[in-house]
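Note: the block below is entry_9.pdb and it holds PDB, C-alpha atoms and all ligand atoms.
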MODEL        1
ATOM      1  CA  ALA M   1      60.175  78.678  77.423
ATOM      2  CA  ARG M   2      58.433  79.252  80.698
ATOM      3  CA  LYS M   3      60.485  81.248  83.225
ATOM      4  CA  ILE M   4      60.711  79.601  86.627
ATOM      5  CA  ILE M   5      62.425  79.934  89.979
ATOM      6  CA  ILE M   6      62.971  76.663  91.844
ATOM      7  CA  ASP M   7      62.749  77.104  95.619
ATOM      8  CA  THR M   8      64.141  73.991  97.226
ATOM      9  CA  ASP M   9      65.682  72.069 100.147
ATOM     10  CA  PRO M  10      67.631  69.272  98.414
ATOM     11  CA  GLY M  11      66.831  66.418  99.232
ATOM     12  CA  GLN M  12      67.239  63.592  96.703
ATOM     13  CA  ASP M  13      63.791  64.152  95.188
ATOM     14  CA  ASP M  14      64.463  67.895  94.929
ATOM     15  CA  ALA M  15      67.702  66.997  93.154
ATOM     16  CA  VAL M  16      65.843  64.920  90.566
ATOM     17  CA  ALA M  17      63.411  67.809  90.044
ATOM     18  CA  ILE M  18      66.281  70.241  89.411
ATOM     19  CA  LEU M  19      67.826  67.805  86.925
ATOM     20  CA  LEU M  20      64.506  67.369  85.129
ATOM     21  CA  ALA M  21      64.255  71.145  84.740
ATOM     22  CA  LEU M  22      67.843  71.451  83.509
ATOM     23  CA  ALA M  23      67.170  68.687  80.988
ATOM     24  CA  SER M  24      64.234  70.594  79.504
ATOM     25  CA  PRO M  25      65.516  73.960  78.210
ATOM     26  CA  GLU M  26      62.970  74.104  75.402
ATOM     27  CA  GLU M  27      60.089  74.288  77.842
ATOM     28  CA  ILE M  28      61.770  75.731  80.946
ATOM     29  CA  GLU M  29      64.024  78.715  81.487
ATOM     30  CA  LEU M  30      65.466  78.332  84.969
ATOM     31  CA  LEU M  31      66.069  81.891  86.207
ATOM     32  CA  GLY M  32      67.623  80.716  89.449
ATOM     33  CA  ILE M  33      67.445  78.366  92.392
ATOM     34  CA  THR M  34      66.734  79.581  95.911
ATOM     35  CA  ALA M  35      67.698  77.253  98.736
ATOM     36  CA  VAL M  36      65.670  77.072 101.920
ATOM     37  CA  ALA M  37      66.069  75.240 105.223
ATOM     38  CA  GLY M  38      63.966  72.083 105.300
ATOM     39  CA  ASN M  39      65.124  68.508 104.805
ATOM     40  CA  VAL M  40      68.490  69.619 106.168
ATOM     41  CA  PRO M  41      69.758  73.024 107.358
ATOM     42  CA  LEU M  42      70.302  75.859 104.869
ATOM     43  CA  SER M  43      74.089  75.454 105.006
ATOM     44  CA  LEU M  44      73.603  72.033 103.391
ATOM     45  CA  THR M  45      70.689  72.765 101.030
ATOM     46  CA  GLY M  46      72.713  75.613  99.485
ATOM     47  CA  VAL M  47      75.613  73.222  98.946
ATOM     48  CA  ASN M  48      73.402  70.428  97.658
ATOM     49  CA  ALA M  49      71.664  72.608  95.070
ATOM     50  CA  ARG M  50      75.071  73.471  93.623
ATOM     51  CA  LYS M  51      76.243  69.840  93.710
ATOM     52  CA  VAL M  52      73.232  68.946  91.583
ATOM     53  CA  CYS M  53      73.902  71.731  89.069
ATOM     54  CA  GLU M  54      77.495  70.549  88.741
ATOM     55  CA  LEU M  55      76.347  66.946  88.311
ATOM     56  CA  ALA M  56      74.499  68.258  85.240
ATOM     57  CA  ASP M  57      77.582  70.266  84.181
ATOM     58  CA  ARG M  58      75.695  73.502  84.729
ATOM     59  CA  PRO M  59      77.913  75.622  87.013
ATOM     60  CA  ASP M  60      76.373  78.704  85.378
ATOM     61  CA  VAL M  61      73.035  78.292  87.205
ATOM     62  CA  LEU M  62      72.403  81.054  89.743
ATOM     63  CA  VAL M  63      71.973  79.567  93.222
ATOM     64  CA  TYR M  64      70.967  81.724  96.178
ATOM     65  CA  ALA M  65      70.671  80.980  99.884
ATOM     66  CA  GLY M  66      67.354  82.058 101.373
ATOM     67  CA  CYS M  67      65.878  81.693 104.855
ATOM     68  CA  ASP M  68      67.541  79.486 107.443
ATOM     69  CA  ALA M  69      64.495  78.984 109.676
ATOM     70  CA  PRO M  70      60.699  79.098 109.481
ATOM     71  CA  ILE M  71      58.944  82.425 110.036
ATOM     72  CA  LYS M  72      58.104  81.863 113.700
ATOM     73  CA  ARG M  73      59.081  78.341 114.677
ATOM     74  CA  PRO M  74      62.238  76.353 115.190
ATOM     75  CA  LEU M  75      63.402  74.345 112.177
ATOM     76  CA  HIS M  76      62.588  70.639 112.002
ATOM     77  CA  THR M  77      64.685  68.657 109.526
ATOM     78  CA  ALA M  78      64.303  65.208 107.954
ATOM     79  CA  GLU M  79      67.662  63.448 108.077
ATOM     80  CA  HIS M  80      65.760  60.263 108.922
ATOM     81  CA  VAL M  81      64.591  60.255 105.313
ATOM     82  CA  HIS M  82      67.350  62.006 103.378
ATOM     83  CA  GLY M  83      70.471  61.095 105.387
ATOM     84  CA  LYS M  84      72.913  63.327 107.181
ATOM     85  CA  THR M  85      73.919  65.368 104.130
ATOM     86  CA  GLY M  86      70.435  65.523 102.615
ATOM     87  CA  LEU M  87      71.848  63.959  99.447
ATOM     88  CA  ASP M  88      73.077  60.626 100.777
ATOM     89  CA  GLY M  89      73.259  57.773  98.315
ATOM     90  CA  PRO M  90      75.856  58.296  95.582
ATOM     91  CA  GLU M  91      79.142  56.467  96.182
ATOM     92  CA  PRO M  92      81.474  58.248  96.210
ATOM     93  CA  PRO M  93      79.338  61.196  97.401
ATOM     94  CA  LEU M  94      78.796  64.012  94.899
ATOM     95  CA  PRO M  95      81.878  66.271  95.033
ATOM     96  CA  GLU M  96      81.867  69.521  96.983
ATOM     97  CA  PRO M  97      80.733  72.267  94.594
ATOM     98  CA  VAL M  98      83.169  74.686  93.011
ATOM     99  CA  MET M  99      80.529  77.078  91.651
ATOM    100  CA  PRO M 100      79.691  79.921  94.041
ATOM    101  CA  LEU M 101      76.568  80.786  95.941
ATOM    102  CA  GLN M 102      75.337  84.188  94.753
ATOM    103  CA  ASP M 103      75.801  87.052  97.227
ATOM    104  CA  LYS M 104      72.198  88.217  97.156
ATOM    105  CA  HIS M 105      69.732  86.731  99.650
ATOM    106  CA  GLY M 106      67.326  84.285  98.007
ATOM    107  CA  VAL M 107      64.318  86.315  99.119
ATOM    108  CA  ASP M 108      65.715  89.436  97.442
ATOM    109  CA  PHE M 109      66.406  87.453  94.288
ATOM    110  CA  ILE M 110      62.758  86.408  94.187
ATOM    111  CA  ILE M 111      61.614  90.001  94.748
ATOM    112  CA  ASP M 112      63.988  91.587  92.236
ATOM    113  CA  THR M 113      63.231  88.978  89.582
ATOM    114  CA  LEU M 114      59.487  89.447  89.877
ATOM    115  CA  ARG M 115      59.922  93.219  89.669
ATOM    116  CA  THR M 116      62.155  93.165  86.604
ATOM    117  CA  GLU M 117      60.618  90.368  84.533
ATOM    118  CA  PRO M 118      57.338  91.210  82.756
ATOM    119  CA  ALA M 119      54.312  90.869  85.058
ATOM    120  CA  GLY M 120      52.755  87.423  84.821
ATOM    121  CA  SER M 121      55.785  85.791  83.254
ATOM    122  CA  VAL M 122      57.466  84.061  86.208
ATOM    123  CA  THR M 123      56.315  80.800  87.809
ATOM    124  CA  LEU M 124      57.495  79.884  91.303
ATOM    125  CA  CYS M 125      58.219  76.201  91.954
ATOM    126  CA  PRO M 126      58.506  75.560  95.710
ATOM    127  CA  MET M 127      59.699  72.088  96.724
ATOM    128  CA  GLY M 128      60.435  72.701 100.392
ATOM    129  CA  PRO M 129      58.926  74.695 103.253
ATOM    130  CA  LEU M 130      57.352  77.907 101.911
ATOM    131  CA  THR M 131      59.481  80.265 104.030
ATOM    132  CA  ASN M 132      61.298  82.039 101.183
ATOM    133  CA  ILE M 133      58.159  82.634  99.141
ATOM    134  CA  ALA M 134      56.087  83.897 102.079
ATOM    135  CA  THR M 135      58.919  86.127 103.286
ATOM    136  CA  ALA M 136      59.207  87.654  99.827
ATOM    137  CA  PHE M 137      55.431  88.262  99.702
ATOM    138  CA  LYS M 138      55.520  89.915 103.145
ATOM    139  CA  LYS M 139      58.515  92.069 102.339
ATOM    140  CA  ALA M 140      57.322  93.132  98.875
ATOM    141  CA  PRO M 141      53.538  92.813  98.549
ATOM    142  CA  ASP M 142      53.740  94.433  95.085
ATOM    143  CA  ILE M 143      55.278  91.258  93.623
ATOM    144  CA  VAL M 144      52.346  89.014  94.524
ATOM    145  CA  GLU M 145      50.178  90.029  91.574
ATOM    146  CA  ARG M 146      53.165  89.714  89.231
ATOM    147  CA  VAL M 147      53.557  85.952  89.815
ATOM    148  CA  GLN M 148      52.219  83.895  86.920
ATOM    149  CA  GLU M 149      51.551  80.766  88.969
ATOM    150  CA  ILE M 150      52.894  78.767  91.906
ATOM    151  CA  VAL M 151      53.323  75.044  91.278
ATOM    152  CA  LEU M 152      54.320  73.455  94.574
ATOM    153  CA  MET M 153      54.844  70.106  96.240
ATOM    154  CA  GLY M 154      53.118  69.982  99.595
ATOM    155  CA  GLY M 155      50.098  68.917 101.555
ATOM    156  CA  ALA M 156      47.847  65.892 101.484
ATOM    157  CA  TYR M 157      44.190  65.026 101.550
ATOM    158  CA  PHE M 158      43.245  61.344 101.439
ATOM    159  CA  GLU M 159      46.857  60.314 102.039
ATOM    160  CA  VAL M 160      46.973  62.599 105.092
ATOM    161  CA  GLY M 161      50.360  63.046 106.791
ATOM    162  CA  ASN M 162      53.955  61.888 106.445
ATOM    163  CA  ILE M 163      55.489  63.900 109.290
ATOM    164  CA  THR M 164      52.529  63.968 111.685
ATOM    165  CA  PRO M 165      49.316  61.981 111.264
ATOM    166  CA  ALA M 166      47.685  65.123 109.868
ATOM    167  CA  ALA M 167      50.372  67.001 107.972
ATOM    168  CA  GLU M 168      52.812  66.763 105.109
ATOM    169  CA  PHE M 169      56.421  67.817 105.807
ATOM    170  CA  ASN M 170      56.798  70.947 103.614
ATOM    171  CA  ILE M 171      53.584  72.542 104.833
ATOM    172  CA  TRP M 172      54.084  71.495 108.461
ATOM    173  CA  VAL M 173      57.635  72.846 108.840
ATOM    174  CA  ASP M 174      56.445  76.408 108.262
ATOM    175  CA  PRO M 175      52.655  76.520 108.536
ATOM    176  CA  GLU M 176      52.564  80.313 108.844
ATOM    177  CA  ALA M 177      54.437  80.630 105.557
ATOM    178  CA  SER M 178      52.120  78.090 103.960
ATOM    179  CA  ASP M 179      49.122  80.077 105.150
ATOM    180  CA  ILE M 180      50.472  83.278 103.604
ATOM    181  CA  VAL M 181      51.059  81.555 100.270
ATOM    182  CA  PHE M 182      47.646  79.859 100.125
ATOM    183  CA  LYS M 183      45.930  83.151 100.995
ATOM    184  CA  SER M 184      47.996  85.180  98.515
ATOM    185  CA  GLY M 185      45.552  85.025  95.622
ATOM    186  CA  VAL M 186      48.231  83.729  93.238
ATOM    187  CA  PRO M 187      46.995  80.774  91.147
ATOM    188  CA  ILE M 188      48.392  77.669  92.856
ATOM    189  CA  VAL M 189      48.830  74.116  91.626
ATOM    190  CA  VAL M 190      49.380  71.647  94.479
ATOM    191  CA  MET M 191      51.159  68.294  94.176
ATOM    192  CA  PRO M 192      50.072  66.630  97.429
ATOM    193  CA  LEU M 193      51.080  63.227  98.798
ATOM    194  CA  ASP M 194      47.914  61.891  97.153
ATOM    195  CA  VAL M 195      49.640  62.170  93.809
ATOM    196  CA  THR M 196      53.321  61.823  94.756
ATOM    197  CA  HIS M 197      52.599  58.527  96.520
ATOM    198  CA  LYS M 198      51.490  57.183  93.146
ATOM    199  CA  VAL M 199      54.811  58.063  91.539
ATOM    200  CA  LEU M 200      56.679  55.074  92.941
ATOM    201  CA  CYS M 201      60.292  54.224  92.188
ATOM    202  CA  THR M 202      59.868  50.519  91.525
ATOM    203  CA  PRO M 203      63.049  48.505  90.790
ATOM    204  CA  PRO M 204      62.494  48.421  86.988
ATOM    205  CA  ARG M 205      61.991  52.194  86.923
ATOM    206  CA  ILE M 206      65.202  52.790  88.873
ATOM    207  CA  GLU M 207      67.095  50.351  86.642
ATOM    208  CA  ALA M 208      65.903  52.147  83.510
ATOM    209  CA  ILE M 209      67.513  55.321  84.876
ATOM    210  CA  ARG M 210      70.707  53.539  86.003
ATOM    211  CA  GLU M 211      71.026  51.953  82.581
ATOM    212  CA  LEU M 212      71.355  55.373  81.006
ATOM    213  CA  GLY M 213      74.937  54.736  82.124
ATOM    214  CA  SER M 214      75.744  58.453  82.371
ATOM    215  CA  LYS M 215      77.035  60.332  85.409
ATOM    216  CA  VAL M 216      73.525  61.746  85.876
ATOM    217  CA  GLY M 217      71.728  58.422  85.349
ATOM    218  CA  ILE M 218      73.903  56.573  87.840
ATOM    219  CA  GLY M 219      73.852  59.452  90.336
ATOM    220  CA  VAL M 220      70.060  59.676  90.213
ATOM    221  CA  ALA M 221      69.651  55.900  90.572
ATOM    222  CA  GLU M 222      71.913  55.910  93.635
ATOM    223  CA  MET M 223      70.095  58.848  95.180
ATOM    224  CA  ILE M 224      66.728  57.165  94.619
ATOM    225  CA  ASP M 225      68.038  53.854  96.005
ATOM    226  CA  PHE M 226      68.881  55.604  99.228
ATOM    227  CA  PHE M 227      65.795  57.811  99.420
ATOM    228  CA  GLU M 228      63.259  55.121  98.711
ATOM    229  CA  ARG M 229      64.579  52.654 101.296
ATOM    230  CA  PHE M 230      62.688  54.718 103.872
ATOM    231  CA  ASP M 231      59.257  53.944 102.426
ATOM    232  CA  THR M 232      59.927  50.432 101.204
ATOM    233  CA  GLU M 233      61.431  49.332 104.541
ATOM    234  CA  LYS M 234      58.956  51.152 106.714
ATOM    235  CA  TYR M 235      55.749  50.579 104.770
ATOM    236  CA  GLY M 236      56.594  47.639 102.536
ATOM    237  CA  SER M 237      55.518  49.610  99.446
ATOM    238  CA  ASP M 238      56.709  48.714  95.930
ATOM    239  CA  GLY M 239      58.982  51.728  95.799
ATOM    240  CA  GLY M 240      59.548  55.140  97.328
ATOM    241  CA  PRO M 241      57.611  58.217  96.139
ATOM    242  CA  LEU M 242      59.338  60.779  93.953
ATOM    243  CA  HIS M 243      57.620  63.890  95.289
ATOM    244  CA  ASP M 244      59.238  67.057  93.989
ATOM    245  CA  PRO M 245      59.805  66.087  90.331
ATOM    246  CA  CYS M 246      56.007  66.109  89.955
ATOM    247  CA  VAL M 247      56.221  69.913  90.005
ATOM    248  CA  ILE M 248      58.480  70.041  86.959
ATOM    249  CA  ALA M 249      56.691  67.180  85.202
ATOM    250  CA  TYR M 250      53.480  69.203  85.496
ATOM    251  CA  LEU M 251      55.111  72.129  83.680
ATOM    252  CA  LEU M 252      56.351  69.809  80.946
ATOM    253  CA  LYS M 253      53.264  67.625  80.520
ATOM    254  CA  PRO M 254      50.235  68.860  82.459
ATOM    255  CA  ASP M 255      48.111  66.195  80.775
ATOM    256  CA  LEU M 256      49.788  63.553  82.945
ATOM    257  CA  PHE M 257      47.929  65.033  85.919
ATOM    258  CA  SER M 258      44.333  65.645  86.916
ATOM    259  CA  GLY M 259      42.782  67.387  89.888
ATOM    260  CA  ARG M 260      40.131  69.785  91.122
ATOM    261  CA  HIS M 261      39.937  73.522  91.647
ATOM    262  CA  ILE M 262      39.123  73.708  95.338
ATOM    263  CA  ASN M 263      39.609  75.725  98.500
ATOM    264  CA  VAL M 264      42.615  74.782 100.630
ATOM    265  CA  GLU M 265      43.211  76.297 104.072
ATOM    266  CA  ILE M 266      46.215  75.705 106.314
ATOM    267  CA  GLU M 267      45.865  74.827 110.001
ATOM    268  CA  THR M 268      48.182  77.075 111.997
ATOM    269  CA  GLN M 269      46.791  76.788 115.534
ATOM    270  CA  SER M 270      45.971  73.253 116.599
ATOM    271  CA  GLU M 271      48.827  71.265 118.055
ATOM    272  CA  LEU M 272      47.217  68.040 116.889
ATOM    273  CA  THR M 273      46.674  68.991 113.255
ATOM    274  CA  LEU M 274      49.255  71.747 112.742
ATOM    275  CA  GLY M 275      50.161  72.195 109.080
ATOM    276  CA  MET M 276      47.221  70.213 107.803
ATOM    277  CA  THR M 277      46.018  71.184 104.333
ATOM    278  CA  VAL M 278      42.284  71.353 104.897
ATOM    279  CA  ALA M 279      41.252  70.675 101.320
ATOM    280  CA  ASP M 280      37.603  71.071 100.383
ATOM    281  CA  TRP M 281      37.777  68.211  97.861
ATOM    282  CA  TRP M 282      34.003  67.597  97.939
ATOM    283  CA  ARG M 283      33.237  71.323  97.821
ATOM    284  CA  VAL M 284      31.174  71.211 100.982
ATOM    285  CA  THR M 285      31.892  74.878 101.813
ATOM    286  CA  ASP M 286      31.323  78.026  99.812
ATOM    287  CA  ARG M 287      34.896  79.134 100.353
ATOM    288  CA  THR M 288      36.539  80.377  97.178
ATOM    289  CA  ALA M 289      38.731  77.937  95.274
ATOM    290  CA  ASN M 290      42.366  78.992  95.641
ATOM    291  CA  ALA M 291      44.218  75.963  94.280
ATOM    292  CA  LEU M 292      44.216  73.290  91.639
ATOM    293  CA  PHE M 293      44.662  70.274  93.908
ATOM    294  CA  ILE M 294      46.122  67.383  91.923
ATOM    295  CA  GLY M 295      44.699  63.978  92.761
ATOM    296  CA  ASP M 296      45.875  61.636  90.044
ATOM    297  CA  VAL M 297      48.810  61.040  87.741
ATOM    298  CA  ASP M 298      49.810  58.746  84.913
ATOM    299  CA  ALA M 299      52.764  57.295  86.831
ATOM    300  CA  GLN M 300      54.300  55.333  83.956
ATOM    301  CA  GLY M 301      53.967  58.384  81.718
ATOM    302  CA  PHE M 302      55.788  60.359  84.393
ATOM    303  CA  PHE M 303      58.683  57.875  84.562
ATOM    304  CA  ASP M 304      58.925  57.645  80.765
ATOM    305  CA  LEU M 305      59.210  61.434  80.627
ATOM    306  CA  LEU M 306      61.764  61.545  83.455
ATOM    307  CA  THR M 307      63.967  58.840  81.966
ATOM    308  CA  GLU M 308      63.813  60.309  78.473
ATOM    309  CA  ARG M 309      64.785  63.759  79.801
ATOM    310  CA  LEU M 310      67.578  62.548  82.100
ATOM    311  CA  ALA M 311      69.067  60.785  79.066
ATOM    312  CA  ARG M 312      69.683  64.238  77.593
ATOM    313  CA  LEU M 313      72.037  65.299  80.383
TER     314      LEU M 313
HETATM  315  C1  LIG J   1      58.505  66.614 100.799
HETATM  316  O1  LIG J   1      59.318  66.635 101.972
HETATM  317  C2  LIG J   1      60.655  66.414 101.641
HETATM  318  O2  LIG J   1      61.171  65.431 102.449
HETATM  319  C3  LIG J   1      60.710  66.057 100.172
HETATM  320  O3  LIG J   1      61.855  66.621  99.570
HETATM  321  C4  LIG J   1      59.447  66.628  99.620
HETATM  322  O4  LIG J   1      59.636  67.973  99.206
HETATM  323  C5  LIG J   1      57.587  65.408 100.870
HETATM  324  O5  LIG J   1      56.753  65.477 101.976
HETATM  325 CA    CA J   2      61.824  68.945  99.016
ENDMDL
END

Take the structure in the file and give it back as structure tokens.
Amino acid sequence: ARKIIIDTDPGQDDAVAILLALASPEEIELLGITAVAGNVPLSLTGVNARKVCELADRPDVLVYAGCDAPIKRPLHTAEHVHGKTGLDGPEPPLPEPVMPLQDKHGVDFIIDTLRTEPAGSVTLCPMGPLTNIATAFKKAPDIVERVQEIVLMGGAYFEVGNITPAAEFNIWVDPEASDIVFKSGVPIVVMPLDVTHKVLCTPPRIEAIRELGSKVGIGVAEMIDFFERFDTEKYGSDGGPLHDPCVIAYLLKPDLFSGRHINVEIETQSELTLGMTVADWWRVTDRTANALFIGDVDAQGFFDLLTERLARL
């Protein structure tokens, strides 16, 4: 199984991604979860990550709290999408977790894990702002070359922005961190809005998950119901996008996805386009490719995989 660390700001879609990983032990060995400030403050993302593990009856998962604010900017959160708790939706709400947060800082967990596991054997899976990953790379530059791959949700090209006209939320919240990660030299796979906006939670897809009838199936359906109202009400789309689970689905079934190896730079200066992923999709520069930028997905294949895996929990 592939060893991964999930770095996350749950978030209903983060929650589904964590569950998909926990449902797939043959392919994925989850070494730990590091929480980061993003959709909601760190105090809540650390709680939410543990609520999700307990929903899957996995109180043994190691959950760490990482950074509570971007590297050099104030934190911007997204309660307008995810609700006050970050995990609004389930009724009654998911219970307060009993399992502990680990004592170690999330950044130190990332560093220590990369130093102790064999070089090239650990994949990082960021699903929130890139603060924890960039902070670890700054603090311990020796770990950078030991990372197998980074598979992250963030950025946009044709679909442009969801938090400003030019930028996607995860990249925009901490553009300096994003810049560090994209310049790191680690092989990166990017799940931008261009692909996550194709993974739409239509009513039949949500019902298929609810009909699993399990605690997990019903909890996920209720989380998605809440999360997707934002897009369906605001944009009149057929369903809300399920962003972060694309990261885990890629590890399980990369053939569902296609993209291009291209250069991606992060805008860190301009007020107007801060956090933009300037993706050289048409290869009009000679800048070195630093990312596999995913552009397309077999959406029904994705939902079949997700539903089949959630049924195992
Ligand atoms: C990303 O931002 C968050 O709101 C979601 O959890 C996802 O990681 C989408 O832009
Ligand atoms: Ca997220």

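Selection result for the displayed file, with the PyMOL selection byres (((not hetatm)) within 8 of (chain J and resi 2)) as criterion, is Thr8, Asp9, Pro10, Gly11, Gln12, Asp13, Asp14, Gly38, Asn39, Met127, Gly128, Pro129, Met153, Asn170, His243 and Asp244 of chain M.
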
Would you kindly return, as a ChimeraX atom specification, each protein, DNA or RNA residue with an atom no farther than 12 Å from any atom of Ile133 of chain M, considering all atoms listed in the file and excluding same-chain residues fewer than 4 positions away? /M:5-8,34-36,66-67,70-71,106-111,114,123-129,137-141,143-144,147,150-152,174,176-182,184,186

Please write the residues picked by the PyMOL selection byres (((chain M and resi 28) around 7) and not hetatm) on this file as a ChimeraX atom specification. /M:1-4,21,24-27,29-30

Could you state which residues are captured by the PyMOL selection byres (((chain M and resi 75) around 8) and not hetatm) in this file, as an MDAnalysis selection string? chainID M and resid 37:38 69:70 73:74 76:77 173

What does the file look like for those residues with C-alpha atoms, as an mmCIF file, in the coordinates of the input?
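Okay, this is what ended up in result_15.cif:
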data_model
loop_
_atom_site.group_PDB
_atom_site.id
_atom_site.type_symbol
_atom_site.label_atom_id
_atom_site.label_comp_id
_atom_site.auth_asym_id
_atom_site.auth_seq_id
_atom_site.Cartn_x
_atom_site.Cartn_y
_atom_site.Cartn_z
ATOM 1 C CA ALA M 37 66.069 75.240 105.223
ATOM 2 C CA GLY M 38 63.966 72.083 105.300
ATOM 3 C CA ALA M 69 64.495 78.984 109.676
ATOM 4 C CA PRO M 70 60.699 79.098 109.481
ATOM 5 C CA ARG M 73 59.081 78.341 114.677
ATOM 6 C CA PRO M 74 62.238 76.353 115.190
ATOM 7 C CA HIS M 76 62.588 70.639 112.002
ATOM 8 C CA THR M 77 64.685 68.657 109.526
ATOM 9 C CA VAL M 173 57.635 72.846 108.840
#

Determine, counting only C-alpha atoms, which protein, DNA and RNA residues have an atom within 9 Å of an atom of Asp231 of chain M; residues of the same chain fewer than 4 positions away are not included. Present the result as a count of residues only. 9

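Proximity ranking of M:Leu101, M:Leu272, M:Leu193, M:Val220 relative to Ala208 of chain M places M:Val220 first, based on only C-alpha atoms.
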
Just want the 9 Å neighbourhood of Ala311 of chain M, counted on only C-alpha atoms, with same-chain residues fewer than 6 positions away dropped. Output as a list in words. Ala23, Ile209, Leu212, Gly213, Ser214, Val216 and Gly217 of chain M

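Considering only C-alpha atoms, the residue among M:Gly155, M:Gly161, M:Pro97, M:Pro254 positioned nearest to Pro175 of chain M is M:Gly155.
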
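Nearest residue to Phe158 of chain M, choosing from M:Asp88, M:Asp194, M:Glu145, M:Asp298 and counting only C-alpha atoms: M:Asp194.
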
Missing atoms in segment 32-44 of chain M: can you complete it with N, CA and C atoms, as a short mmCIF file (atom, residue, chain, number, x, y, z; two decimals), in the coordinates of the input?
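Full text of rebuild.cif as output:
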data_model
loop_
_atom_site.label_atom_id
_atom_site.label_comp_id
_atom_site.auth_asym_id
_atom_site.auth_seq_id
_atom_site.Cartn_x
_atom_site.Cartn_y
_atom_site.Cartn_z
N GLY M 32 66.75 80.88 88.29
CA GLY M 32 67.62 80.72 89.45
C GLY M 32 67.03 79.72 90.41
N ILE M 33 67.87 79.30 91.35
CA ILE M 33 67.44 78.37 92.39
C ILE M 33 67.63 79.06 93.73
N THR M 34 66.59 79.05 94.55
CA THR M 34 66.73 79.58 95.91
C THR M 34 66.66 78.41 96.89
N ALA M 35 67.66 78.32 97.74
CA ALA M 35 67.70 77.25 98.74
C ALA M 35 67.00 77.72 100.00
N VAL M 36 66.37 76.76 100.68
CA VAL M 36 65.67 77.07 101.92
C VAL M 36 65.99 75.96 102.92
N ALA M 37 65.88 76.27 104.20
CA ALA M 37 66.07 75.24 105.22
C ALA M 37 64.85 74.32 105.22
N GLY M 38 65.08 73.03 105.31
CA GLY M 38 63.97 72.08 105.30
C GLY M 38 64.46 70.68 105.62
N ASN M 39 64.65 69.88 104.59
CA ASN M 39 65.12 68.51 104.80
C ASN M 39 66.39 68.48 105.65
N VAL M 40 67.27 69.42 105.38
CA VAL M 40 68.49 69.62 106.17
C VAL M 40 68.67 71.13 106.31
N PRO M 41 69.59 71.57 107.17
CA PRO M 41 69.76 73.02 107.36
C PRO M 41 70.19 73.73 106.07
N LEU M 42 69.99 75.05 106.05
CA LEU M 42 70.30 75.86 104.87
C LEU M 42 71.75 75.70 104.42
N SER M 43 72.67 75.58 105.38
CA SER M 43 74.09 75.45 105.01
C SER M 43 74.29 74.26 104.08
N LEU M 44 73.49 73.22 104.25
CA LEU M 44 73.60 72.03 103.39
C LEU M 44 72.73 72.14 102.14
#
